[in-house]
Structure formats: C-alpha cells, structure tokens
$ cat target-v7.txt   # compact mmCIF, C-alpha atoms
# COMPACT_ATOMS: atom_id res chain seq x y z
CA MET H 1 197.24 120.90 113.07
CA ALA H 2 193.55 120.05 113.24
CA GLY H 3 192.17 117.74 110.63
CA ALA H 4 190.91 119.31 107.43
CA LYS H 5 187.50 117.76 107.85
CA GLU H 6 187.05 119.21 111.31
CA ILE H 7 187.85 122.67 110.04
CA ARG H 8 185.44 122.24 107.18
CA THR H 9 182.55 121.43 109.54
CA LYS H 10 183.46 124.37 111.69
CA ILE H 11 183.39 126.72 108.72
CA ALA H 12 180.01 125.35 107.69
CA SER H 13 178.58 125.91 111.17
CA ILE H 14 179.89 129.47 111.35
CA LYS H 15 178.45 130.14 107.93
CA SER H 16 175.01 129.09 109.06
CA THR H 17 175.33 131.27 112.16
CA GLN H 18 176.28 134.14 109.93
CA LYS H 19 173.21 133.55 107.84
CA ILE H 20 171.05 133.84 110.93
CA THR H 21 172.69 137.00 112.20
CA LYS H 22 172.50 138.57 108.77
CA ALA H 23 168.80 137.77 108.52
CA MET H 24 168.22 139.20 111.98
CA GLU H 25 170.09 142.33 111.00
CA MET H 26 167.89 142.88 107.98
CA VAL H 27 164.70 142.16 109.88
CA ALA H 28 165.76 144.62 112.59
CA ALA H 29 166.54 147.26 109.97
CA SER H 30 163.08 147.09 108.44
CA LYS H 31 161.38 146.93 111.83
CA MET H 32 163.38 149.90 112.98
CA ARG H 33 162.04 152.04 110.19
CA LYS H 34 158.49 151.11 111.08
CA ALA H 35 159.12 151.76 114.75
CA GLN H 36 160.52 155.18 113.93
CA ASP H 37 157.39 156.01 111.96
CA ARG H 38 155.30 154.97 114.91
CA MET H 39 157.43 157.16 117.12
CA SER H 40 156.75 160.28 115.10
CA ALA H 41 153.09 159.38 114.63
CA SER H 42 152.42 159.45 118.34
CA ARG H 43 153.97 162.86 118.88
CA PRO H 44 151.19 165.25 117.73
CA TYR H 45 148.73 163.70 120.16
CA ALA H 46 150.88 164.35 123.20
CA GLU H 47 151.84 167.81 122.03
CA LYS H 48 148.27 168.82 121.44
CA MET H 49 147.31 167.44 124.82
CA LEU H 50 150.00 169.33 126.66
CA GLN H 51 148.82 172.48 124.94
CA VAL H 52 145.24 171.95 126.10
CA ILE H 53 146.35 170.95 129.59
CA SER H 54 148.50 174.01 130.09
CA HIS H 55 145.67 176.15 128.86
CA LEU H 56 143.25 174.52 131.26
CA ALA H 57 145.70 174.88 134.11
CA ASN H 58 146.01 178.58 133.40
CA ALA H 59 142.32 179.10 132.81
CA THR H 60 141.10 177.37 135.94
CA PRO H 61 143.58 178.29 138.66
CA GLU H 62 141.09 177.46 141.42
CA TYR H 63 141.24 173.78 140.60
CA ARG H 64 144.60 172.10 140.97
CA HIS H 65 144.77 168.51 139.97
CA SER H 66 147.05 166.41 142.14
CA TYR H 67 149.22 165.51 139.11
CA MET H 68 149.97 169.16 138.63
CA ALA H 69 150.27 170.05 142.27
CA VAL H 70 153.36 171.43 143.79
CA GLU H 71 156.07 168.94 144.67
CA ARG H 72 155.44 167.15 147.91
CA GLU H 73 158.15 165.81 150.12
CA ARG H 74 159.49 162.64 148.58
CA LYS H 75 159.61 159.43 150.55
CA ARG H 76 158.88 156.91 147.86
CA ILE H 77 159.27 157.25 144.13
CA GLY H 78 157.70 155.13 141.44
CA TYR H 79 159.69 154.12 138.39
CA ILE H 80 158.13 152.82 135.21
CA VAL H 81 160.94 150.81 133.65
CA VAL H 82 160.61 150.24 129.92
CA SER H 83 162.74 147.47 128.46
CA SER H 84 162.70 145.17 125.48
CA ASP H 85 161.04 141.78 125.47
CA ARG H 86 163.90 140.03 123.75
CA GLY H 87 167.64 140.02 124.04
CA LEU H 88 170.36 140.05 121.38
CA CYS H 89 170.31 143.80 121.24
CA GLY H 90 173.73 144.71 122.56
CA GLY H 91 173.99 146.60 125.80
CA LEU H 92 170.65 148.33 125.42
CA ASN H 93 168.94 146.93 128.49
CA SER H 94 171.98 146.65 130.71
CA ASN H 95 172.88 150.26 130.03
CA LEU H 96 169.39 151.30 131.05
CA PHE H 97 169.48 149.23 134.22
CA ARG H 98 172.87 150.65 135.08
CA ARG H 99 171.57 154.16 134.69
CA LEU H 100 168.59 153.27 136.86
CA LEU H 101 170.85 151.71 139.47
CA ALA H 102 172.90 154.88 139.77
CA GLU H 103 169.68 156.83 140.19
CA ILE H 104 168.35 154.48 142.85
CA LYS H 105 171.60 154.70 144.73
CA GLU H 106 171.37 158.47 144.78
CA GLN H 107 167.77 158.37 145.97
CA ARG H 108 168.59 155.83 148.63
CA ALA H 109 171.29 158.10 149.99
CA ALA H 110 168.60 160.75 150.33
CA GLY H 111 166.35 158.28 152.12
CA ILE H 112 163.93 157.76 149.24
CA GLU H 113 162.67 154.27 148.52
CA PRO H 114 161.96 153.11 144.95
CA VAL H 115 158.84 151.31 143.76
CA PHE H 116 158.81 149.75 140.31
CA CYS H 117 156.51 148.93 137.51
CA THR H 118 157.96 147.10 134.55
CA ILE H 119 157.19 146.99 130.86
CA GLY H 120 158.96 144.30 128.85
CA SER H 121 160.27 140.92 129.97
CA LYS H 122 163.86 142.02 130.39
CA ALA H 123 162.98 144.50 133.11
CA LEU H 124 160.78 141.93 134.79
CA GLY H 125 163.62 139.42 134.70
CA PHE H 126 165.97 141.98 136.12
CA PHE H 127 163.81 142.64 139.15
CA LYS H 128 163.06 138.97 139.53
CA ARG H 129 166.74 138.36 140.03
CA PHE H 130 167.51 141.30 142.21
CA GLY H 131 164.32 141.86 144.11
CA GLY H 132 162.53 145.15 144.29
CA ASP H 133 158.99 146.20 144.94
CA VAL H 134 157.31 145.61 141.59
CA LYS H 135 153.73 146.84 141.62
CA ALA H 136 152.65 145.97 138.12
CA GLN H 137 154.03 144.66 134.87
CA ALA H 138 153.23 144.29 131.22
CA THR H 139 155.15 142.07 128.83
CA HIS H 140 154.94 140.83 125.25
CA LEU H 141 153.70 144.02 123.72
CA GLY H 142 155.05 142.91 120.37
CA ASP H 143 156.35 145.15 117.62
CA LYS H 144 153.19 147.18 117.56
CA PRO H 145 152.45 148.17 121.13
CA HIS H 146 148.91 149.28 121.86
CA ILE H 147 147.93 151.79 124.42
CA GLU H 148 145.32 149.49 125.94
CA ASP H 149 148.08 147.12 127.02
CA LEU H 150 149.57 149.91 129.09
CA ILE H 151 146.47 151.41 130.67
CA GLY H 152 146.41 149.01 133.61
CA THR H 153 150.09 149.29 134.38
CA VAL H 154 150.02 153.06 134.29
CA LYS H 155 146.86 153.20 136.37
CA VAL H 156 148.46 151.21 139.16
CA MET H 157 151.15 153.87 139.38
CA LEU H 158 148.75 156.78 139.13
CA ASP H 159 146.52 155.28 141.81
CA ALA H 160 149.52 154.83 144.07
CA PHE H 161 150.42 158.45 143.48
CA GLU H 162 146.93 159.66 144.26
CA SER H 163 146.68 157.62 147.43
CA GLY H 164 149.95 159.14 148.58
CA GLU H 165 151.83 155.86 148.48
CA ILE H 166 154.40 157.35 146.15
CA ASP H 167 155.29 160.99 145.74
CA ALA H 168 156.52 161.12 142.16
CA ILE H 169 156.54 158.95 139.05
CA TYR H 170 159.47 158.61 136.71
CA ILE H 171 159.88 156.71 133.49
CA ALA H 172 163.15 155.01 132.61
CA SER H 173 163.58 154.19 128.95
CA ASN H 174 165.98 154.54 126.06
CA GLU H 175 166.07 157.66 123.98
CA PHE H 176 166.55 157.25 120.26
CA VAL H 177 169.38 159.60 119.29
CA ASN H 178 170.24 157.93 116.01
CA THR H 179 170.74 154.44 114.67
CA MET H 180 174.12 154.09 116.32
CA THR H 181 173.32 155.79 119.60
CA GLN H 182 170.63 155.10 122.14
CA ARG H 183 170.76 156.86 125.42
CA PRO H 184 169.12 155.66 128.64
CA VAL H 185 167.11 158.47 130.21
CA ILE H 186 164.98 158.86 133.30
CA ARG H 187 162.25 161.44 132.96
CA GLN H 188 159.74 162.77 135.41
CA LEU H 189 156.12 162.04 134.58
CA VAL H 190 154.24 163.17 137.66
CA PRO H 191 154.06 165.88 138.87
CA ILE H 192 153.79 167.02 135.29
CA VAL H 193 156.67 169.05 134.01
CA GLY H 194 156.20 171.71 131.37
CA GLY H 195 152.49 172.02 132.08
CA GLU H 196 152.81 175.57 133.20
CA ARG H 197 153.64 178.48 131.00
CA ASP H 198 153.09 181.94 132.37
CA ASP H 199 153.84 183.66 129.11
CA MET H 200 150.44 182.79 127.68
CA PRO H 201 147.94 185.45 128.58
CA TYR H 202 144.43 184.07 128.25
CA HIS H 203 141.53 186.38 127.77
CA TRP H 204 139.15 183.66 126.83
CA ASP H 205 138.03 180.36 128.21
CA TYR H 206 136.43 177.20 126.95
CA ILE H 207 132.88 176.15 127.41
CA TYR H 208 133.22 172.94 129.35
CA GLU H 209 131.08 169.93 129.04
CA PRO H 210 130.30 168.74 131.69
CA ASP H 211 132.80 170.82 133.74
CA ALA H 212 136.45 171.77 133.88
CA ARG H 213 137.38 169.21 136.52
CA THR H 214 136.07 166.19 134.65
CA VAL H 215 137.68 167.33 131.45
CA LEU H 216 141.01 168.00 133.10
CA ASP H 217 140.97 164.64 134.91
CA ALA H 218 140.30 162.76 131.70
CA LEU H 219 142.96 164.71 129.85
CA LEU H 220 145.67 164.24 132.44
CA THR H 221 145.29 160.48 132.63
CA ARG H 222 145.44 160.23 128.87
CA TYR H 223 148.41 162.53 128.73
CA ILE H 224 150.45 160.40 131.13
CA GLU H 225 149.45 157.29 129.24
CA SER H 226 150.49 158.81 125.97
CA LEU H 227 153.87 159.74 127.44
CA VAL H 228 154.39 156.17 128.60
CA TYR H 229 153.25 154.92 125.22
CA GLN H 230 155.76 157.20 123.54
CA GLY H 231 158.46 155.85 125.82
CA VAL H 232 157.53 152.31 124.87
CA VAL H 233 157.46 153.06 121.15
CA GLU H 234 160.75 154.91 121.29
CA ASN H 235 162.31 152.09 123.26
CA GLY H 236 161.06 149.74 120.55
CA ALA H 237 162.87 151.76 117.90
CA CYS H 238 165.99 151.72 120.07
CA GLU H 239 165.74 147.98 120.46
CA GLN H 240 165.62 147.41 116.73
CA ALA H 241 168.46 149.84 116.09
CA ALA H 242 170.61 148.25 118.77
CA ARG H 243 169.82 144.79 117.45
CA MET H 244 170.67 145.84 113.94
CA VAL H 245 174.07 147.13 115.03
CA ALA H 246 174.75 144.12 117.24
CA MET H 247 173.82 141.69 114.49
CA LYS H 248 175.90 143.56 111.96
CA ALA H 249 178.90 143.25 114.26
CA ALA H 250 178.15 139.56 114.73
CA SER H 251 177.94 138.99 110.97
CA ASP H 252 181.22 140.83 110.44
CA ASN H 253 182.87 138.79 113.14
CA ALA H 254 181.61 135.60 111.61
CA GLY H 255 183.01 136.75 108.27
CA SER H 256 186.49 137.35 109.61
CA LEU H 257 186.38 134.09 111.53
CA ILE H 258 185.49 132.25 108.34
CA ASN H 259 188.39 133.92 106.52
CA GLU H 260 190.83 132.87 109.19
CA LEU H 261 189.54 129.33 109.26
CA GLN H 262 189.65 129.13 105.49
CA LEU H 263 193.33 130.02 105.62
CA VAL H 264 194.00 127.36 108.21
CA TYR H 265 192.01 124.88 106.19
CA ASN H 266 193.97 125.64 103.01
CA LYS H 267 197.24 125.22 104.84
CA ALA H 268 196.14 121.92 106.28
CA ARG H 269 195.04 120.69 102.88
CA GLN H 270 198.32 121.83 101.31
CA ALA H 271 200.31 120.10 104.02
CA ALA H 272 198.38 116.88 103.47
CA ILE H 273 199.03 116.97 99.71
CA THR H 274 202.73 117.74 100.19
CA GLN H 275 203.04 114.88 102.59
CA GLU H 276 201.32 112.48 100.24
CA ILE H 277 203.56 113.47 97.34
CA SER H 278 206.71 113.16 99.39
CA GLU H 279 205.57 109.73 100.53
CA ILE H 280 205.01 108.61 96.95
CA VAL H 281 208.33 110.06 95.79
CA SER H 282 210.28 108.47 98.59
CA GLY H 283 208.44 105.21 98.00
CA ALA H 284 209.40 105.30 94.30
CA ALA H 285 213.00 106.14 95.17
CA ALA H 286 213.23 103.14 97.47
CA VAL H 287 212.20 100.70 94.75
CA MET U 1 134.11 180.35 99.17
CA ALA U 2 132.42 178.81 102.13
CA MET U 3 133.90 179.39 105.55
CA THR U 4 135.97 176.52 106.71
CA ILE U 5 137.49 175.21 109.90
CA HIS U 6 140.56 173.05 110.27
CA VAL U 7 139.95 169.57 111.62
CA ASP U 8 142.58 167.34 113.18
CA ILE U 9 141.73 163.90 114.40
CA VAL U 10 144.66 162.38 116.25
CA SER U 11 145.06 159.34 118.45
CA ALA U 12 148.00 158.30 120.58
CA GLU U 13 148.97 155.78 117.95
CA GLY U 14 148.93 158.16 115.00
CA ALA U 15 147.14 160.87 113.07
CA ILE U 16 143.80 159.77 111.65
CA HIS U 17 142.61 162.78 109.67
CA SER U 18 143.61 166.32 108.94
CA GLY U 19 141.85 168.77 106.64
CA MET U 20 139.37 171.58 106.20
CA ALA U 21 135.66 171.31 106.85
CA THR U 22 132.56 173.43 106.76
CA MET U 23 130.87 171.49 109.52
CA VAL U 24 131.85 168.86 112.07
CA TYR U 25 129.45 166.68 114.01
CA ALA U 26 130.46 164.70 117.07
CA THR U 27 128.87 162.83 119.96
CA ALA U 28 129.87 164.86 122.99
CA GLU U 29 129.33 163.93 126.59
CA MET U 30 125.97 165.65 126.78
CA GLY U 31 124.58 165.02 123.34
CA GLU U 32 125.49 165.50 119.72
CA VAL U 33 127.16 168.73 118.76
CA GLY U 34 127.58 170.38 115.40
CA ILE U 35 130.51 172.70 115.00
CA ALA U 36 130.60 175.36 112.34
CA PRO U 37 133.58 177.61 111.60
CA ARG U 38 134.11 180.34 114.23
CA HIS U 39 132.47 178.26 116.89
CA THR U 40 133.33 179.52 120.34
CA ALA U 41 136.06 177.73 122.32
CA PHE U 42 134.61 174.53 123.62
CA ILE U 43 135.96 171.38 125.21
CA SER U 44 134.19 168.14 126.00
CA ARG U 45 134.62 164.48 126.46
CA LEU U 46 133.42 162.32 123.61
CA ARG U 47 131.17 159.33 123.81
CA PRO U 48 131.85 156.37 121.58
CA GLY U 49 130.34 157.22 118.25
CA ASP U 50 130.60 158.75 114.86
CA ILE U 51 132.45 161.89 113.90
CA ARG U 52 131.21 163.38 110.68
CA VAL U 53 133.30 165.87 108.80
CA GLU U 54 131.66 167.81 105.97
CA ASN U 55 134.04 169.47 103.55
CA GLN U 56 133.66 172.35 101.10
CA HIS U 57 132.40 170.08 98.36
CA GLY U 58 129.55 168.83 100.47
CA GLU U 59 131.13 165.42 100.94
CA GLN U 60 130.91 163.74 104.30
CA GLU U 61 133.56 161.64 105.91
CA HIS U 62 132.85 159.37 108.85
CA PHE U 63 135.24 158.40 111.60
CA TYR U 64 134.39 156.13 114.43
CA VAL U 65 135.97 156.92 117.77
CA SER U 66 135.60 154.89 120.93
CA GLY U 67 135.79 158.01 123.04
CA GLY U 68 138.24 160.79 123.64
CA MET U 69 138.29 164.55 123.89
CA LEU U 70 136.96 167.25 121.62
CA GLU U 71 138.62 170.63 121.64
CA VAL U 72 137.22 173.49 119.62
CA GLN U 73 138.76 176.84 118.91
CA PRO U 74 137.34 179.32 116.42
CA HIS U 75 139.47 178.02 113.56
CA VAL U 76 140.56 174.59 114.71
CA VAL U 77 138.77 171.48 115.84
CA THR U 78 140.92 168.84 117.47
CA VAL U 79 139.68 165.40 118.27
CA LEU U 80 141.96 163.50 120.63
CA ALA U 81 140.62 160.06 119.95
CA ASP U 82 141.00 157.07 122.24
CA THR U 83 142.13 153.91 120.61
CA ALA U 84 140.78 151.79 123.40
CA ILE U 85 137.35 151.59 124.89
CA ARG U 86 137.53 153.42 128.18
CA ALA U 87 135.36 153.10 131.20
CA HIS U 88 136.17 153.39 134.85
CA ASP U 89 135.44 149.71 135.51
CA LEU U 90 137.48 148.58 132.53
CA ASP U 91 140.47 150.66 133.61
CA GLU U 92 140.15 149.29 137.09
CA ALA U 93 140.09 145.74 135.75
CA ALA U 94 143.16 146.44 133.63
CA ALA U 95 144.99 147.78 136.67
CA MET U 96 144.08 144.72 138.72
CA GLU U 97 145.27 142.53 135.89
CA ALA U 98 148.61 144.33 135.68
CA LYS U 99 149.06 143.92 139.42
CA ARG U 100 148.12 140.28 139.34
CA ARG U 101 150.59 139.64 136.51
CA ALA U 102 153.36 141.23 138.54
CA GLU U 103 152.51 139.20 141.61
CA GLU U 104 152.32 136.01 139.61
CA ALA U 105 155.58 136.60 137.77
CA LEU U 106 157.46 137.58 140.87
CA ALA U 107 156.06 135.00 143.28
CA GLY U 108 158.61 134.18 145.93
CA HIS U 109 161.02 136.91 145.03
CA ALA U 110 162.42 139.30 147.60
CA ALA U 111 160.73 142.67 147.86
CA GLU U 112 163.97 144.25 148.94
CA PHE U 113 166.04 145.42 146.03
CA GLU U 114 169.48 143.81 146.19
CA TYR U 115 171.58 146.66 145.11
CA ALA U 116 175.00 145.04 145.48
CA LYS U 117 174.07 141.92 143.57
CA ALA U 118 172.51 143.87 140.73
CA GLN U 119 175.47 146.15 140.47
CA ALA U 120 177.93 143.27 140.40
CA GLU U 121 176.11 141.46 137.66
CA LEU U 122 175.60 144.56 135.56
CA ALA U 123 179.24 145.50 135.93
CA GLU U 124 180.09 142.07 134.59
CA ALA U 125 177.82 142.51 131.59
CA VAL U 126 179.32 145.87 130.83
CA ALA U 127 182.85 144.57 131.24
CA GLN U 128 182.04 141.83 128.76
CA LEU U 129 180.77 144.35 126.26
CA ARG U 130 183.85 146.46 126.73
CA ALA U 131 186.17 143.50 126.28
CA ILE U 132 184.44 142.63 123.04
CA GLU U 133 184.81 146.21 121.89
CA LYS U 134 188.52 146.19 122.69
CA LEU U 135 189.10 142.89 120.96
CA ARG U 136 187.40 144.19 117.88
CA LYS U 137 189.54 147.30 117.81
CA LEU U 138 192.65 145.23 118.31
CA LYS U 139 191.72 143.09 115.36
CA ALA U 140 190.89 146.00 113.16
CA GLY U 141 194.06 147.89 114.11
$ encode --input "target-v7.txt" --output "structure tokens"
Amino acid sequence: MAGAKEIRTKIASIKSTQKITKAMEMVAASKMRKAQDRMSASRPYAEKMLQVISHLANATPEYRHSYMAVERERKRIGYIVVSSDRGLCGGLNSNLFRRLLAEIKEQRAAGIEPVFCTIGSKALGFFKRFGGDVKAQATHLGDKPHIEDLIGTVKVMLDAFESGEIDAIYIASNEFVNTMTQRPVIRQLVPIVGGERDDMPYHWDYIYEPDARTVLDALLTRYIESLVYQGVVENGACEQAARMVAMKAASDNAGSLINELQLVYNKARQAAITQEISEIVSGAAAV
Amino acid sequence: MAMTIHVDIVSAEGAIHSGMATMVYATAEMGEVGIAPRHTAFISRLRPGDIRVENQHGEQEHFYVSGGMLEVQPHVVTVLADTAIRAHDLDEAAAMEAKRRAEEALAGHAAEFEYAKAQAELAEAVAQLRAIEKLRKLKAG
C-alpha cells in the first residue's frame, strides 16, 4: 500500500485540478449564454437581406449575378471551415473534421478537388498537419467575433468563385441544437440557396440608386458575409456549450477520483495506526 | 394622429433600433434622402453618415452608420447597417492580408491533402472519446 503522505499529495493535486475545471465550466456557461444572444441578434439582418435579395432577383430577371447563377459543372469546391481557437471542448472540432473528411472523400470519388479557407486556430492546425490547399485564414477572433475580421477571408473565396477557380462555396461549422448536442453541418453558400421563390408575385419594383446591379452586388457580398458570421457566432456558442459539458464531466471525474483516493488514504492511515498499536502491545507484553 | 412608418435599423452583429417614425433622413449614395410614411419602394446604398429618425413626439434620434443599405417600402424602412467601414480598396487589402496569413502559417506544408493520415488520426481521437464514454458508463453502472 502506498504511503499515506503520497496519497495526500495526490488528493491535493486532484483537488486543485478540479477547481480549475469547475471554474472553466462556470466561465463557459456564462459565455455560452452571451454567445447564444449574439447568435439570435445576428439573425434578423440575414433574414431581411435574403428577403430583399429574392425580391431583387425576381424583379430584375435580366440581370443574373454570378452568385445566383445556375449551377456550373463542379471541378473544385471551396470550403470555409469554422473551428474554435482553443481546445478542451470535447469532440467538437474532431467531429466537424470527421464530417468534413467524409464529405471530401465523396467529392474526391466524383473527381472534385477541395480548396479550403479556415477560421479558428484548430482548423488551421488541422490542415497544417494534413496538408490541403488553404487559401486564406483568420484566427483569434475572440469571444466577440467581428464581421470585419472575416471580410478578407470571405472575399478570397468569393474572388476565387468569380474568377472560376472554384465552382461552389460551402461552409463547415457546428450547429447549435441545444446545450448537450452540437451537430457538425456543411451548408452551401454559393450559389445561393433559397434566394428564389416563385410564389411571390411582384407588381411593383424599387427605385434604385444608383442602379439594380450595384445594389444587388453590394447586397450579395454582405449576405454571404453575414452567413459566415452567423456560422462563426453559432460555432462560438457550440464551443462554449461543449466546453461546459466537457468540464463538467472532468469535475465529476475528479470528484469520484478524490472519493476513491480518500478511501484508500483512510485505509492506509487505519492500517498504520493498527500496526503501531500492535507493536506497542506486543512490546509491553514482552517486558 | 400623425402618419407613421416603421423603422428597423439592423446590423449583422445585432439590432440597433426598431420603432415608429414620422420621418427618416439618411445619407444615400446620391445625396441625402428624407423618407416620409407611404414613400414609394426605394433601395439604395448608404454612405457613411447620420441617420435621423423623427418620431411622433417630434423627438429626433441619431444613429451613425459607416455604410450599408437602405430599403424603403410604403410602411417599413429597413437600414441594413455595416459595422465595418467598407471600401473596395479596404476589402482588397483585407483579402490580401487573409491570404498572407494563410501562407505564413502554412509555410512548408504540403498542398496535397493527406486523406489517410487525417483519417487515421481523427479515428484515434474519436476512439479515445468513445473509450472515455464507455469507462464512465461502466463506473456509473
């Protein structure tokens, strides 16, 4: 049996680990709430934009923007991979990468090559290890991501799409189902889905300033950016939720470990006392 | 009661203002516009500047936007505000910067995606997670 002192130090060290994980859990819980608020705050903007875009698309059928054009034959596809900056959040990132991997495999079988663009250090690290054509990256967005940090990264992808280098853009990120569940999803960004609704008969049109094209161009870029921003914010909420759950599990584990060790420690102490007493008794008997 | 028009000012990072107004002034692409209720449908880009919203009580509220879009329908005005200062050159610079960062971070790495290696390592990570899960269940049970 290990010495009582050794066990005592071990218990102390686990206790301090538990303190850290518990603190992280609570921090993640409060950050998660804020991230969720941010998630819902960004929604009206994108919804409103889609509304205007679909109206414009219906109102000006003679001008088709390339983002809304019909699907072209796919040879290369761009993926915007959204990950967290930090670890200790369970299987959040690895689940996403696994989902992405399955997707890439499918595309490869069809002869389509992937091009990447990463947001968050974990995704960058992933492609650093495994290679891959990474066109642009953004890391360290912090808890409060700002859209201006994403503009450049998104533009690289959009430019590549417009020059014909890639034929579609997808975003891979985690979807916030609830606190316990986050689901990795891959969604199509460009060509825009849901931009066309035939059930809206329009008998009126806007007055455009300066003209429909300019307005539509500006809107579309912002719309894509806002979708990416939403993905980033949602992924942030997922990260905090996953971290909260992971840290809770870690704290619980530490607790049960401490209990077990305490038992062992008590036994060791008891054994030492019994031995001491028996030594004294036998010593007295010998006299 | 004076005629009013609903005003929504939203940005990608959150709603800024929502309420009724009797008049809205904004700096559109081609000059300042004033929008009264029942204005015809109108859409324009916004220049950086002030948006003034006048409500039924004659009070004015000011919002600064660094650009964005203005959409007007007879009963609703929507301002899709930018949170960042946008200009073609600035966007271009941001894109170059994002590219440069990627190149810098990934200097010397293979451009070919190593599927097998990635899969192996991910499988390991997942197996680890699963093992932990199992252990926990075993303990609990």
$ atom_distance --input "target-v7.txt" --atom1 "atom CA of Met20 of chain U" --atom2 "atom CA of Thr4 of chain U"
6.0 Å
$ interface_residues --input "target-v7.txt" --of "chain H" --to "chain U" --cutoff "8 Å" --atoms "all atoms listed in the file" --output "VMD selection string"
chain H and resid 38 41 to 46 49 90 to 91 94 to 95 97 to 98 101 127 to 138 146 to 148 151 to 156 205 to 210 215 218 to 219 226 229
$ residues_around --input "target-v7.txt" --residues "segment 182-195 of chain H" --least-positions-apart "5" --cutoff "8 Å" --atoms "all atoms listed in the file" --output "list of chain:residue names"
H:Leu50, H:Ile53, H:Ser54, H:Ala57, H:Ser66, H:Tyr67, H:Met68, H:Ala69, H:Val70, H:Glu71, H:Leu92, H:Asn95, H:Leu96, H:Arg99, H:Leu100, H:Ala168, H:Ile169, H:Tyr170, H:Ile171, H:Ala172, H:Ser173, H:Asn174, H:Glu175, H:Phe176, H:Val177, H:Ile224, H:Leu227, H:Cys238, H:Ala242
$ residues_around --input "target-v7.txt" --residues "segment 17-28 of chain H" --least-positions-apart "4" --cutoff "9 Å" --atoms "all atoms listed in the file" --output "ChimeraX atom specification"
/H:12-13,32-33,239-248,250-255
$ atom_distance --input "target-v7.txt" --atom1 "atom CA of Arg76 of chain H" --atom2 "atom CA of Ala87 of chain U"
29.1 Å
$ residues_around --input "target-v7.txt" --residues "Ile51 of chain U" --least-positions-apart "4" --cutoff "10 Å" --atoms "only C-alpha atoms" --output "list in words"
Ile9, Val24, Tyr25, Ala26, Thr27, Ala28, Glu32, Val33, Gly34, Leu46, Gln60, Glu61, His62, Phe63, Tyr64, Val65 and Val79 of chain U
$ atom_distance --input "target-v7.txt" --atom1 "atom CA of Ile119 of chain H" --atom2 "atom CA of Ser66 of chain U"
25.0 Å
$ residues_around --input "target-v7.txt" --residues "Val7 of chain U" --least-positions-apart "4" --cutoff "7 Å" --atoms "all atoms listed in the file" --output "PDB file with C-alpha atoms, in the frame of the given file"
ATOM      1  CA  SER U  18     143.610 166.320 108.940  1.00  0.00           C
ATOM      2  CA  GLY U  19     141.850 168.770 106.640  1.00  0.00           C
ATOM      3  CA  MET U  20     139.370 171.580 106.200  1.00  0.00           C
ATOM      4  CA  ALA U  21     135.660 171.310 106.850  1.00  0.00           C
ATOM      5  CA  VAL U  76     140.560 174.590 114.710  1.00  0.00           C
ATOM      6  CA  VAL U  77     138.770 171.480 115.840  1.00  0.00           C
ATOM      7  CA  THR U  78     140.920 168.840 117.470  1.00  0.00           C
TER       8      THR U  78
END
